[in-house]
$ cat run.cif   # mmCIF, C-alpha atoms
data_entry
#
loop_
_atom_site.label_atom_id
_atom_site.label_comp_id
_atom_site.auth_asym_id
_atom_site.auth_seq_id
_atom_site.Cartn_x
_atom_site.Cartn_y
_atom_site.Cartn_z
CA MET J 1 -63.29 11.39 31.70
CA GLY J 2 -59.68 12.33 30.99
CA TYR J 3 -59.32 10.61 27.64
CA THR J 4 -57.40 12.59 25.04
CA LEU J 5 -57.34 11.39 21.48
CA ASN J 6 -53.89 10.33 20.36
CA PHE J 7 -53.61 8.68 17.00
CA ALA J 8 -49.83 8.09 17.16
CA ALA J 9 -50.11 4.40 18.08
CA VAL J 10 -52.62 3.78 15.31
CA TRP J 11 -50.55 5.57 12.66
CA ARG J 12 -47.51 3.54 13.74
CA SER J 13 -49.43 0.36 12.99
CA PHE J 14 -51.28 1.78 10.00
CA ASP J 15 -49.36 -0.52 7.63
CA LEU J 16 -50.78 -3.50 9.50
CA LEU J 17 -54.30 -2.17 9.04
CA LEU J 18 -53.71 -1.63 5.34
CA GLU J 19 -52.31 -5.15 4.96
CA GLY J 20 -55.38 -6.42 6.80
CA LEU J 21 -57.62 -4.45 4.46
CA ALA J 22 -55.83 -5.88 1.42
CA LEU J 23 -56.32 -9.39 2.79
CA SER J 24 -60.02 -8.69 3.44
CA LEU J 25 -60.47 -7.54 -0.15
CA ALA J 26 -58.54 -10.52 -1.52
CA LEU J 27 -60.67 -12.95 0.52
CA ALA J 28 -63.86 -11.28 -0.72
CA VAL J 29 -62.74 -11.32 -4.38
CA VAL J 30 -61.74 -14.99 -4.39
CA ALA J 31 -64.92 -15.92 -2.51
CA ILE J 32 -67.22 -14.06 -4.90
CA LEU J 33 -65.54 -15.56 -7.97
CA ILE J 34 -66.15 -19.08 -6.70
CA GLY J 35 -69.54 -17.97 -5.38
CA CYS J 36 -70.56 -16.70 -8.83
CA ALA J 37 -69.80 -20.09 -10.36
CA ILE J 38 -71.79 -21.88 -7.63
CA GLY J 39 -74.60 -19.33 -7.84
CA LEU J 40 -74.90 -19.53 -11.61
CA ALA J 41 -74.98 -23.32 -11.59
CA THR J 42 -77.56 -23.28 -8.80
CA ALA J 43 -79.66 -20.70 -10.64
CA PHE J 44 -79.87 -22.95 -13.71
CA LEU J 45 -80.81 -25.87 -11.44
CA LEU J 46 -83.46 -23.74 -9.71
CA MET J 47 -85.04 -22.94 -13.09
CA SER J 48 -84.95 -26.53 -14.27
CA LYS J 49 -88.30 -28.17 -14.96
CA SER J 50 -87.31 -31.40 -13.23
CA GLY J 51 -87.74 -31.55 -9.46
CA LEU J 52 -84.74 -33.88 -9.34
CA TYR J 53 -82.49 -30.87 -10.02
CA ARG J 54 -84.67 -28.16 -8.55
CA ARG J 55 -85.25 -29.61 -5.08
CA PRO J 56 -81.63 -30.14 -3.99
CA ALA J 57 -80.79 -26.64 -5.25
CA ARG J 58 -83.73 -25.15 -3.32
CA LEU J 59 -82.64 -27.07 -0.20
CA TYR J 60 -79.09 -25.70 -0.46
CA VAL J 61 -80.31 -22.12 -0.85
CA THR J 62 -82.82 -22.42 2.02
CA ILE J 63 -80.37 -23.99 4.47
CA ILE J 64 -77.53 -21.56 3.80
CA ARG J 65 -79.72 -18.45 3.83
CA ASN J 66 -81.23 -19.35 7.18
CA THR J 67 -78.04 -20.24 9.04
CA PRO J 68 -75.79 -17.56 10.58
CA ILE J 69 -72.53 -17.22 8.68
CA LEU J 70 -70.49 -17.36 11.88
CA VAL J 71 -71.90 -20.84 12.58
CA LEU J 72 -70.98 -21.92 9.04
CA ILE J 73 -67.44 -20.56 9.42
CA LEU J 74 -66.87 -22.28 12.76
CA PHE J 75 -68.44 -25.48 11.45
CA ALA J 76 -66.16 -25.57 8.41
CA TYR J 77 -63.05 -24.87 10.46
CA PHE J 78 -63.66 -26.88 13.63
CA ALA J 79 -66.14 -29.62 12.73
CA LEU J 80 -65.23 -30.68 9.19
CA PRO J 81 -61.83 -32.12 10.26
CA GLN J 82 -63.85 -34.73 12.21
CA LEU J 83 -65.18 -35.93 8.87
CA GLY J 84 -61.64 -36.09 7.54
CA VAL J 85 -61.84 -32.81 5.58
CA ARG J 86 -58.75 -30.92 6.69
CA LEU J 87 -58.47 -27.40 5.29
CA ASP J 88 -56.25 -24.63 6.55
CA LYS J 89 -58.02 -21.56 7.87
CA PHE J 90 -57.76 -19.54 4.65
CA GLU J 91 -59.13 -22.35 2.51
CA SER J 92 -61.94 -23.15 4.89
CA PHE J 93 -62.92 -19.48 5.26
CA VAL J 94 -62.88 -18.70 1.53
CA LEU J 95 -64.80 -21.85 0.77
CA THR J 96 -67.42 -21.09 3.43
CA LEU J 97 -67.80 -17.55 2.15
CA ALA J 98 -68.09 -18.84 -1.43
CA ILE J 99 -70.77 -21.37 -0.52
CA TYR J 100 -72.56 -18.71 1.53
CA SER J 101 -72.52 -16.11 -1.25
CA GLY J 102 -73.45 -18.81 -3.78
CA ALA J 103 -76.82 -19.25 -2.08
CA TYR J 104 -77.55 -15.51 -2.25
CA LEU J 105 -76.21 -15.16 -5.79
CA ALA J 106 -78.34 -18.11 -6.94
CA GLU J 107 -81.46 -16.03 -6.22
CA VAL J 108 -79.89 -12.96 -7.83
CA PHE J 109 -79.01 -14.88 -11.00
CA ARG J 110 -82.36 -16.64 -11.09
CA ALA J 111 -84.13 -13.28 -11.07
CA GLY J 112 -81.71 -12.05 -13.74
CA LEU J 113 -82.24 -15.09 -15.95
CA SER J 114 -86.00 -14.88 -15.78
CA SER J 115 -85.88 -11.20 -16.74
CA VAL J 116 -84.37 -12.07 -20.13
CA PRO J 117 -87.31 -12.22 -22.57
CA ALA J 118 -88.08 -15.70 -23.94
CA GLY J 119 -88.23 -14.27 -27.47
CA LEU J 120 -84.44 -13.89 -27.48
CA ARG J 121 -83.95 -17.60 -26.86
CA GLU J 122 -86.42 -18.39 -29.60
CA ALA J 123 -84.63 -15.99 -31.94
CA GLY J 124 -81.38 -17.81 -31.16
CA LEU J 125 -82.98 -21.15 -31.95
CA ALA J 126 -84.39 -19.72 -35.17
CA ILE J 127 -80.95 -18.74 -36.45
CA GLY J 128 -79.70 -22.23 -35.63
CA LEU J 129 -77.70 -21.70 -32.42
CA ARG J 130 -77.30 -24.59 -30.03
CA GLU J 131 -78.64 -24.35 -26.44
CA ALA J 132 -75.13 -23.78 -25.01
CA GLN J 133 -74.41 -21.05 -27.56
CA ILE J 134 -77.67 -19.31 -26.74
CA ARG J 135 -76.81 -19.35 -23.05
CA GLY J 136 -73.25 -18.15 -23.54
CA ALA J 137 -73.73 -15.57 -26.24
CA ILE J 138 -77.23 -14.20 -25.63
CA ILE J 139 -78.67 -14.91 -22.21
CA LEU J 140 -75.59 -14.53 -19.98
CA PRO J 141 -74.44 -11.11 -21.29
CA LEU J 142 -77.96 -9.73 -20.97
CA MET J 143 -78.38 -11.25 -17.53
CA ILE J 144 -75.11 -9.72 -16.29
CA ARG J 145 -76.42 -6.28 -17.18
CA ASN J 146 -79.62 -6.92 -15.24
CA VAL J 147 -77.98 -8.33 -12.12
CA LEU J 148 -75.07 -5.90 -11.85
CA PRO J 149 -76.63 -3.77 -9.06
CA SER J 150 -77.52 -6.80 -6.89
CA LEU J 151 -74.21 -8.48 -7.69
CA GLY J 152 -72.45 -5.32 -6.52
CA SER J 153 -74.33 -5.09 -3.24
CA THR J 154 -73.74 -8.80 -2.59
CA PHE J 155 -70.02 -8.19 -3.10
CA ILE J 156 -70.03 -5.24 -0.69
CA SER J 157 -71.79 -7.22 2.02
CA LEU J 158 -69.42 -10.12 1.38
CA PHE J 159 -66.50 -7.75 1.88
CA LYS J 160 -68.00 -6.71 5.21
CA ASP J 161 -68.52 -10.37 6.15
CA THR J 162 -64.77 -10.98 5.82
CA SER J 163 -64.51 -9.30 9.23
CA LEU J 164 -65.75 -12.63 10.65
CA ALA J 165 -62.46 -14.23 9.62
CA ALA J 166 -61.11 -12.63 12.80
CA ALA J 167 -63.02 -15.34 14.69
CA ILE J 168 -60.68 -18.01 13.33
CA ALA J 169 -57.58 -15.78 13.61
CA ILE J 170 -57.11 -14.83 9.97
CA PRO J 171 -55.12 -11.57 10.05
CA GLU J 172 -57.59 -9.39 8.13
CA LEU J 173 -58.61 -5.83 9.04
CA THR J 174 -60.77 -6.54 12.11
CA PHE J 175 -58.21 -8.98 13.50
CA GLU J 176 -55.41 -6.39 13.16
CA ALA J 177 -57.64 -3.75 14.73
CA ARG J 178 -58.31 -5.94 17.75
CA LYS J 179 -54.59 -6.57 18.07
CA ILE J 180 -53.75 -2.86 17.99
CA ASN J 181 -56.60 -2.23 20.42
CA VAL J 182 -55.19 -4.71 22.91
CA GLU J 183 -51.55 -3.68 22.48
CA SER J 184 -51.92 0.09 22.60
CA PHE J 185 -55.19 0.65 24.53
CA ARG J 186 -55.96 3.46 22.04
CA VAL J 187 -59.47 2.07 21.88
CA ILE J 188 -61.39 4.96 20.36
CA GLU J 189 -58.74 5.84 17.79
CA THR J 190 -58.36 2.24 16.62
CA TRP J 191 -62.07 1.71 16.06
CA ILE J 192 -62.59 5.10 14.41
CA VAL J 193 -59.79 4.45 11.93
CA THR J 194 -60.92 0.87 11.30
CA SER J 195 -64.55 1.75 10.64
CA LEU J 196 -63.49 4.64 8.41
CA LEU J 197 -61.32 2.23 6.40
CA TYR J 198 -64.30 -0.09 5.96
CA VAL J 199 -66.65 2.76 5.09
CA ALA J 200 -64.19 4.29 2.62
CA THR J 201 -63.61 0.94 0.90
CA CYS J 202 -67.35 0.29 0.66
CA SER J 203 -67.94 3.73 -0.86
CA VAL J 204 -65.18 3.21 -3.42
CA LEU J 205 -66.64 -0.19 -4.32
CA ALA J 206 -70.13 1.31 -4.61
CA ALA J 207 -68.79 4.08 -6.86
CA LEU J 208 -66.99 1.54 -9.08
CA ILE J 209 -70.18 -0.48 -9.40
CA ARG J 210 -72.12 2.64 -10.39
CA VAL J 211 -69.52 3.39 -13.09
CA ALA J 212 -69.78 -0.19 -14.39
CA GLU J 213 -73.57 0.09 -14.43
CA ARG J 214 -73.44 3.29 -16.42
CA ARG J 215 -71.01 1.86 -18.95
CA MET J 216 -73.08 -1.28 -19.41
CA ALA J 217 -76.43 0.51 -19.53
CA VAL J 218 -78.52 0.16 -22.68
CA PRO J 219 -77.67 3.23 -24.81
CA LYS J 220 -80.69 5.46 -25.31
CA MET A 1 -70.75 -39.06 14.23
CA ASP A 2 -71.13 -40.37 17.73
CA ILE A 3 -74.88 -40.22 18.11
CA PRO A 4 -75.30 -41.91 21.54
CA ALA A 5 -72.63 -39.72 23.15
CA PHE A 6 -74.21 -36.67 21.51
CA LEU A 7 -77.67 -37.52 22.86
CA ASP A 8 -76.20 -38.14 26.31
CA GLN A 9 -74.49 -34.78 26.37
CA LEU A 10 -77.55 -33.10 24.87
CA VAL A 11 -79.67 -34.30 27.79
CA ILE A 12 -77.04 -33.16 30.30
CA ALA A 13 -76.69 -29.73 28.67
CA ARG A 14 -80.35 -29.16 27.81
CA LEU A 15 -80.84 -26.32 30.29
CA SER A 16 -77.70 -24.53 29.16
CA ILE A 17 -78.78 -24.77 25.52
CA LEU A 18 -82.29 -23.59 26.34
CA LYS A 19 -80.87 -20.61 28.24
CA GLY A 20 -78.67 -19.83 25.25
CA LEU A 21 -81.63 -20.00 22.91
CA GLY A 22 -83.60 -17.75 25.26
CA MET A 23 -80.71 -15.30 25.27
CA THR A 24 -80.53 -15.32 21.47
CA VAL A 25 -84.25 -14.64 21.27
CA SER A 26 -84.15 -11.79 23.79
CA ILE A 27 -81.10 -10.17 22.13
CA SER A 28 -82.81 -10.30 18.74
CA PHE A 29 -86.16 -9.15 20.10
CA LEU A 30 -84.70 -6.14 21.94
CA ALA A 31 -82.47 -5.19 19.01
CA ILE A 32 -85.39 -5.40 16.57
CA CYS A 33 -87.72 -3.33 18.80
CA VAL A 34 -85.21 -0.57 19.53
CA GLY A 35 -83.81 -0.68 16.00
CA THR A 36 -87.25 -0.40 14.43
CA MET A 37 -88.23 2.61 16.52
CA LEU A 38 -84.95 4.35 15.69
CA GLY A 39 -85.25 3.22 12.08
CA ILE A 40 -88.70 4.77 11.58
CA GLY A 41 -87.26 8.06 12.82
CA VAL A 42 -84.30 7.67 10.45
CA GLY A 43 -86.60 6.91 7.52
CA LEU A 44 -88.86 9.90 8.24
CA ALA A 45 -85.84 12.21 8.61
CA LEU A 46 -84.41 10.96 5.30
CA THR A 47 -87.70 11.54 3.50
CA TYR A 48 -89.16 14.67 5.07
CA GLY A 49 -86.24 16.25 6.98
CA GLY A 50 -84.77 19.63 6.07
CA ARG A 51 -81.44 19.62 4.29
CA PRO A 52 -79.14 19.76 7.39
CA LEU A 53 -81.06 17.01 9.18
CA ARG A 54 -81.15 14.90 6.04
CA TRP A 55 -77.39 15.20 5.59
CA ILE A 56 -76.64 14.24 9.18
CA VAL A 57 -78.94 11.21 9.07
CA ARG A 58 -77.60 10.22 5.62
CA ALA A 59 -74.04 10.32 7.01
CA TYR A 60 -75.19 8.18 9.96
CA THR A 61 -76.82 5.51 7.79
CA ASP A 62 -73.97 5.43 5.28
CA PHE A 63 -71.44 5.08 8.06
CA ILE A 64 -73.35 2.27 9.78
CA ARG A 65 -74.08 0.44 6.53
CA GLY A 66 -70.44 0.67 5.46
CA THR A 67 -69.16 -0.90 8.68
CA PRO A 68 -69.31 -4.65 9.34
CA VAL A 69 -71.63 -5.61 12.21
CA LEU A 70 -68.75 -7.31 14.00
CA VAL A 71 -66.81 -4.02 14.01
CA LEU A 72 -69.90 -2.23 15.36
CA VAL A 73 -70.24 -4.81 18.12
CA LEU A 74 -66.56 -4.66 19.08
CA ALA A 75 -66.45 -0.86 18.87
CA SER A 76 -69.62 -0.48 20.93
CA TYR A 77 -68.25 -2.81 23.59
CA TYR A 78 -64.75 -1.33 23.86
CA VAL A 79 -65.33 2.33 23.00
CA LEU A 80 -68.34 2.93 25.26
CA GLY A 81 -66.43 1.49 28.20
CA THR A 82 -63.49 3.77 27.49
CA ILE A 83 -65.53 6.96 27.43
CA GLY A 84 -67.10 6.08 30.74
CA VAL A 85 -70.44 4.59 29.67
CA ASP A 86 -70.22 1.36 31.61
CA LEU A 87 -72.30 -1.17 29.70
CA GLY A 88 -72.06 -4.92 30.05
CA PRO A 89 -71.42 -7.01 26.94
CA PHE A 90 -75.16 -7.72 26.64
CA GLU A 91 -76.19 -4.05 26.61
CA ALA A 92 -73.31 -2.98 24.35
CA GLY A 93 -74.05 -5.80 21.93
CA VAL A 94 -77.78 -5.12 21.80
CA LEU A 95 -77.05 -1.42 21.24
CA ALA A 96 -74.74 -2.23 18.30
CA LEU A 97 -77.34 -4.53 16.73
CA ALA A 98 -80.10 -1.97 17.27
CA VAL A 99 -78.04 0.74 15.56
CA PHE A 100 -77.34 -1.64 12.68
CA CYS A 101 -81.03 -2.52 12.49
CA SER A 102 -82.04 1.15 12.51
CA SER A 103 -80.01 1.99 9.41
CA HIS A 104 -81.61 -0.90 7.52
CA VAL A 105 -85.15 -0.11 8.66
CA GLY A 106 -84.49 3.55 7.85
CA GLU A 107 -83.64 2.70 4.25
CA ILE A 108 -86.68 0.43 3.96
CA VAL A 109 -89.00 3.17 5.26
CA ARG A 110 -87.43 5.81 2.99
CA GLY A 111 -87.65 3.54 -0.05
CA ALA A 112 -91.29 2.73 0.63
CA LEU A 113 -92.34 6.34 1.23
CA GLN A 114 -90.50 7.61 -1.85
CA SER A 115 -91.96 4.94 -4.10
CA ILE A 116 -95.49 6.25 -3.58
CA ALA A 117 -96.59 8.24 -6.62
CA ILE A 118 -96.48 12.00 -6.07
CA GLY A 119 -100.07 12.19 -7.34
CA GLN A 120 -101.22 10.65 -4.05
CA THR A 121 -99.81 13.56 -2.05
CA GLU A 122 -101.21 16.04 -4.57
CA ALA A 123 -104.64 14.44 -4.44
CA ALA A 124 -104.57 14.59 -0.63
CA LYS A 125 -103.63 18.26 -0.78
CA ALA A 126 -106.37 18.89 -3.32
CA ILE A 127 -109.06 17.56 -0.98
CA GLY A 128 -107.63 19.69 1.82
CA LEU A 129 -105.90 17.11 4.06
CA THR A 130 -103.22 18.42 6.42
CA PHE A 131 -99.78 16.76 6.31
CA PRO A 132 -100.42 14.51 9.35
CA GLN A 133 -103.71 13.41 7.82
CA THR A 134 -102.03 12.74 4.50
CA PHE A 135 -99.33 10.76 6.24
CA PHE A 136 -101.56 8.60 8.40
CA HIS A 137 -104.42 8.01 5.98
CA VAL A 138 -102.80 8.10 2.53
CA LEU A 139 -99.04 7.51 2.57
CA GLY A 140 -98.63 5.37 5.70
CA PRO A 141 -100.95 2.49 4.78
CA GLN A 142 -99.50 2.28 1.27
CA ALA A 143 -95.92 2.36 2.57
CA LEU A 144 -96.68 -0.32 5.14
CA ARG A 145 -97.49 -2.77 2.36
CA GLN A 146 -93.91 -2.48 1.12
CA ILE A 147 -92.27 -2.15 4.51
CA LEU A 148 -93.65 -5.25 6.21
CA PRO A 149 -92.10 -8.03 4.06
CA ALA A 150 -88.69 -6.31 4.02
CA TRP A 151 -88.93 -5.69 7.75
CA VAL A 152 -89.52 -9.39 8.47
CA ASN A 153 -86.36 -10.11 6.45
CA THR A 154 -84.44 -7.67 8.61
CA ALA A 155 -85.71 -9.50 11.69
CA ALA A 156 -84.18 -12.75 10.37
CA GLU A 157 -80.94 -10.85 9.71
CA MET A 158 -80.88 -9.73 13.33
CA VAL A 159 -81.25 -13.29 14.63
CA LYS A 160 -78.27 -14.27 12.51
CA ALA A 161 -76.27 -11.20 13.59
CA SER A 162 -76.93 -12.02 17.26
CA THR A 163 -74.32 -14.81 16.94
CA LEU A 164 -71.65 -12.09 16.80
CA LEU A 165 -72.30 -11.28 20.45
CA SER A 166 -70.61 -14.58 21.32
CA ILE A 167 -67.33 -12.88 20.41
CA ILE A 168 -67.68 -10.31 23.21
CA GLY A 169 -68.74 -13.01 25.66
CA VAL A 170 -72.54 -12.90 25.77
CA SER A 171 -73.74 -16.43 26.59
CA GLU A 172 -76.14 -16.81 23.71
CA LEU A 173 -76.73 -20.02 21.80
CA LEU A 174 -73.46 -20.04 19.88
CA LEU A 175 -71.21 -19.34 22.87
CA ARG A 176 -73.03 -21.99 24.93
CA THR A 177 -72.47 -24.41 22.05
CA GLN A 178 -68.79 -23.58 21.91
CA GLU A 179 -68.45 -24.12 25.66
CA LEU A 180 -70.24 -27.43 25.31
CA ILE A 181 -67.89 -28.46 22.50
CA SER A 182 -64.77 -27.57 24.47
CA ARG A 183 -66.07 -29.87 27.22
CA THR A 184 -67.28 -32.78 25.11
CA PHE A 185 -65.18 -32.49 21.90
CA LEU A 186 -68.31 -33.30 19.89
CA SER A 187 -67.78 -30.37 17.53
CA LEU A 188 -69.45 -31.86 14.46
CA GLU A 189 -72.59 -32.89 16.33
CA PHE A 190 -73.08 -29.73 18.32
CA TYR A 191 -72.28 -27.25 15.53
CA CYS A 192 -74.84 -29.10 13.41
CA PHE A 193 -77.32 -28.95 16.24
CA ALA A 194 -76.79 -25.21 16.79
CA GLY A 195 -77.06 -24.62 13.06
CA PHE A 196 -80.29 -26.60 13.06
CA LEU A 197 -81.78 -24.51 15.89
CA TYR A 198 -80.89 -21.27 14.10
CA PHE A 199 -82.32 -22.69 10.90
CA VAL A 200 -85.61 -23.52 12.59
CA VAL A 201 -85.96 -20.02 14.06
CA ASN A 202 -85.02 -18.27 10.81
CA TYR A 203 -87.05 -20.57 8.60
CA GLY A 204 -90.05 -19.82 10.80
CA ILE A 205 -89.45 -16.11 10.37
CA GLU A 206 -88.98 -16.55 6.60
CA ARG A 207 -92.27 -18.45 6.26
CA PHE A 208 -93.97 -15.76 8.30
CA GLY A 209 -92.46 -13.18 5.93
CA ARG A 210 -93.94 -15.02 2.92
CA TYR A 211 -97.31 -15.09 4.67
CA VAL A 212 -97.13 -11.34 5.37
CA GLU A 213 -96.12 -10.72 1.76
CA ARG A 214 -99.15 -12.65 0.51
CA LYS A 215 -101.45 -10.86 2.94
CA THR A 216 -100.19 -7.39 2.04
CA ALA A 217 -100.10 -7.95 -1.73
CA ILE A 218 -102.62 -5.94 -3.69
CA PRO A 219 -105.28 -8.47 -4.75
CA SER A 220 -105.34 -8.81 -8.50
#
$ encode --input "run.cif" --output "structure tokens"
Amino acid sequence: MGYTLNFAAVWRSFDLLLEGLALSLALAVVAILIGCAIGLATAFLLMSKSGLYRRPARLYVTIIRNTPILVLILFAYFALPQLGVRLDKFESFVLTLAIYSGAYLAEVFRAGLSSVPAGLREAGLAIGLREAQIRGAIILPLMIRNVLPSLGSTFISLFKDTSLAAAIAIPELTFEARKINVESFRVIETWIVTSLLYVATCSVLAALIRVAERRMAVPK
Amino acid sequence: MDIPAFLDQLVIARLSILKGLGMTVSISFLAICVGTMLGIGVGLALTYGGRPLRWIVRAYTDFIRGTPVLVLVLASYYVLGTIGVDLGPFEAGVLALAVFCSSHVGEIVRGALQSIAIGQTEAAKAIGLTFPQTFFHVLGPQALRQILPAWVNTAAEMVKASTLLSIIGVSELLLRTQELISRTFLSLEFYCFAGFLYFVVNYGIERFGRYVERKTAIPS
């Protein structure tokens, strides 16, 4: 076999990996913020009584959830310019990721909204709040508490999906890892360090989410 | 959209696209089969294993679940070649997907087994069943009810993840589409078409999942 582990080349480029990781995280954060807005709006549409609102929302969720994200990314970057929509690779990637996560979050939020008891809305009406006030001050805060675990796991899988940005040459963690791999031929070392960076980040995120859950839990 | 040119090229490239679709199906099928077998072992080890075994398997699943699939695919392709296991891109890619699948199936199996009330095991012990009898006649059938719908979801995930093998050069549907686009420049048309094919496959799986869910639900 004759392969001895030598991490020197990877440590030399470790800054690049960390920069890539920071970019991955930034992409995921921006995408989930936009995705939350899309998801929340879609969730309200999905729960609407009128099919005029419900059907397009259902169509969006079904199409996005059943199409591979890599196809969506390539479509947004390579095919949309044909329709005159010219985005640079960061914009197109973040937007794709946001639309993708929006479809998953719509289901998460819908489940969260329907778990808020109807009595609370009626209580709000009884004390004279308007529909928008009830949503903002009563239903949303309660829903957030319910959906926090699923929201967290969606964010973690979104963070992992940022690795696909390497396919359109965005210099995030996987892209940098491939570069180091090709330049130094320290194949095993590069991929060990890269996966450990991903795993460590995911565990930190999971721990943060658990802390948030505990702090927002209903006091007993 | 240039529909006539698209239809022309579609007829010319029909065999290539069909081969790509066949490749996508066989990648997914193999990955699901191998991944499910591994995953059942993982789930059993997580639930019934002794402490050392449980820790090792827990570390394995956490590591796999914390790493993006693309990184698994790239690492499997490059690292295995370096340590002398000479696998083609197809084998390396299927292996990576199977490992990914196994960690998900493992968690599904563990979750299902642990959600069964402890009274069931106690009742089985009380009437003198051995552990294998308890497992096959009491716990297994109840767990299966929960496992099947989630497992069908995982199958759809694997079809979507199979697109990542295009990055290491396996001629599945997406790579064939990209080759076709670089020849015909009809990126909008062919990305839509590929997306549509994936949608059809996944939507079929999703409907099947709903059907299984209905069939396995406890009649009320």
$ residues_around --input "run.cif" --residues "J:Leu208" --least-positions-apart "5" --cutoff "12 Å" --atoms "all atoms listed in the file" --output "VMD selection string"
chain J and resid 148 to 149 152 to 153 155 to 156 201 to 203 213 to 215
$ resolve_selection --input "run.cif" --expression "the PyMOL selection byres ((chain A) within 8 of (chain J))" --output "MDAnalysis selection string"
chainID A and resid 62:63 65:71 75 78:79 82:84 156 160:161 163:164 167 174 187:188 191:192 194:196 198:199 202:203
$ write_last_selection --input "run.cif" --atoms "C-alpha atoms" --output "PDB file, keeping the file's coordinate frame"
ATOM      1  CA  ASP A  62     -73.970   5.430   5.280  1.00  0.00           C
ATOM      2  CA  PHE A  63     -71.440   5.080   8.060  1.00  0.00           C
ATOM      3  CA  ARG A  65     -74.080   0.440   6.530  1.00  0.00           C
ATOM      4  CA  GLY A  66     -70.440   0.670   5.460  1.00  0.00           C
ATOM      5  CA  THR A  67     -69.160  -0.900   8.680  1.00  0.00           C
ATOM      6  CA  PRO A  68     -69.310  -4.650   9.340  1.00  0.00           C
ATOM      7  CA  VAL A  69     -71.630  -5.610  12.210  1.00  0.00           C
ATOM      8  CA  LEU A  70     -68.750  -7.310  14.000  1.00  0.00           C
ATOM      9  CA  VAL A  71     -66.810  -4.020  14.010  1.00  0.00           C
ATOM     10  CA  ALA A  75     -66.450  -0.860  18.870  1.00  0.00           C
ATOM     11  CA  TYR A  78     -64.750  -1.330  23.860  1.00  0.00           C
ATOM     12  CA  VAL A  79     -65.330   2.330  23.000  1.00  0.00           C
ATOM     13  CA  THR A  82     -63.490   3.770  27.490  1.00  0.00           C
ATOM     14  CA  ILE A  83     -65.530   6.960  27.430  1.00  0.00           C
ATOM     15  CA  GLY A  84     -67.100   6.080  30.740  1.00  0.00           C
ATOM     16  CA  ALA A 156     -84.180 -12.750  10.370  1.00  0.00           C
ATOM     17  CA  LYS A 160     -78.270 -14.270  12.510  1.00  0.00           C
ATOM     18  CA  ALA A 161     -76.270 -11.200  13.590  1.00  0.00           C
ATOM     19  CA  THR A 163     -74.320 -14.810  16.940  1.00  0.00           C
ATOM     20  CA  LEU A 164     -71.650 -12.090  16.800  1.00  0.00           C
ATOM     21  CA  ILE A 167     -67.330 -12.880  20.410  1.00  0.00           C
ATOM     22  CA  LEU A 174     -73.460 -20.040  19.880  1.00  0.00           C
ATOM     23  CA  SER A 187     -67.780 -30.370  17.530  1.00  0.00           C
ATOM     24  CA  LEU A 188     -69.450 -31.860  14.460  1.00  0.00           C
ATOM     25  CA  TYR A 191     -72.280 -27.250  15.530  1.00  0.00           C
ATOM     26  CA  CYS A 192     -74.840 -29.100  13.410  1.00  0.00           C
ATOM     27  CA  ALA A 194     -76.790 -25.210  16.790  1.00  0.00           C
ATOM     28  CA  GLY A 195     -77.060 -24.620  13.060  1.00  0.00           C
ATOM     29  CA  PHE A 196     -80.290 -26.600  13.060  1.00  0.00           C
ATOM     30  CA  TYR A 198     -80.890 -21.270  14.100  1.00  0.00           C
ATOM     31  CA  PHE A 199     -82.320 -22.690  10.900  1.00  0.00           C
ATOM     32  CA  ASN A 202     -85.020 -18.270  10.810  1.00  0.00           C
ATOM     33  CA  TYR A 203     -87.050 -20.570   8.600  1.00  0.00           C
TER      34      TYR A 203
END
$ resolve_selection --input "run.cif" --expression "the PyMOL selection byres ((chain A and resi 110) around 9)" --output "ChimeraX atom specification"
/A:40,42-47,105-109,111-115
$ atom_distance --input "run.cif" --atom1 "atom CA of J:Phe90" --atom2 "atom CA of A:Phe100"
27.7 Å
$ atom_distance --input "run.cif" --atom1 "atom CA of J:Ala111" --atom2 "atom CA of J:Ile38"
15.4 Å
$ decode --input "run.cif" --residues "stretch 68-73 of chain A" --atoms "N, CA, C and O atoms" --output "compact mmCIF listing (two decimals), in the first residue's frame"
# COMPACT_ATOMS: atom_id res chain seq x y z
N PRO A 68 -22.21 15.76 4.41
CA PRO A 68 -23.06 15.86 3.22
C PRO A 68 -22.86 14.65 2.31
O PRO A 68 -21.76 14.11 2.25
N VAL A 69 -23.91 14.24 1.60
CA VAL A 69 -23.81 13.08 0.72
C VAL A 69 -22.74 13.30 -0.35
O VAL A 69 -22.02 12.39 -0.70
N LEU A 70 -22.66 14.55 -0.84
CA LEU A 70 -21.67 14.82 -1.89
C LEU A 70 -20.27 14.53 -1.38
O LEU A 70 -19.44 13.96 -2.10
N VAL A 71 -19.99 14.90 -0.11
CA VAL A 71 -18.67 14.64 0.46
C VAL A 71 -18.45 13.13 0.59
O VAL A 71 -17.36 12.63 0.29
N LEU A 72 -19.51 12.40 0.98
CA LEU A 72 -19.38 10.94 1.05
C LEU A 72 -19.05 10.36 -0.31
O LEU A 72 -18.19 9.49 -0.45
N VAL A 73 -19.75 10.85 -1.34
CA VAL A 73 -19.53 10.33 -2.69
C VAL A 73 -18.11 10.61 -3.14
O VAL A 73 -17.39 9.72 -3.61
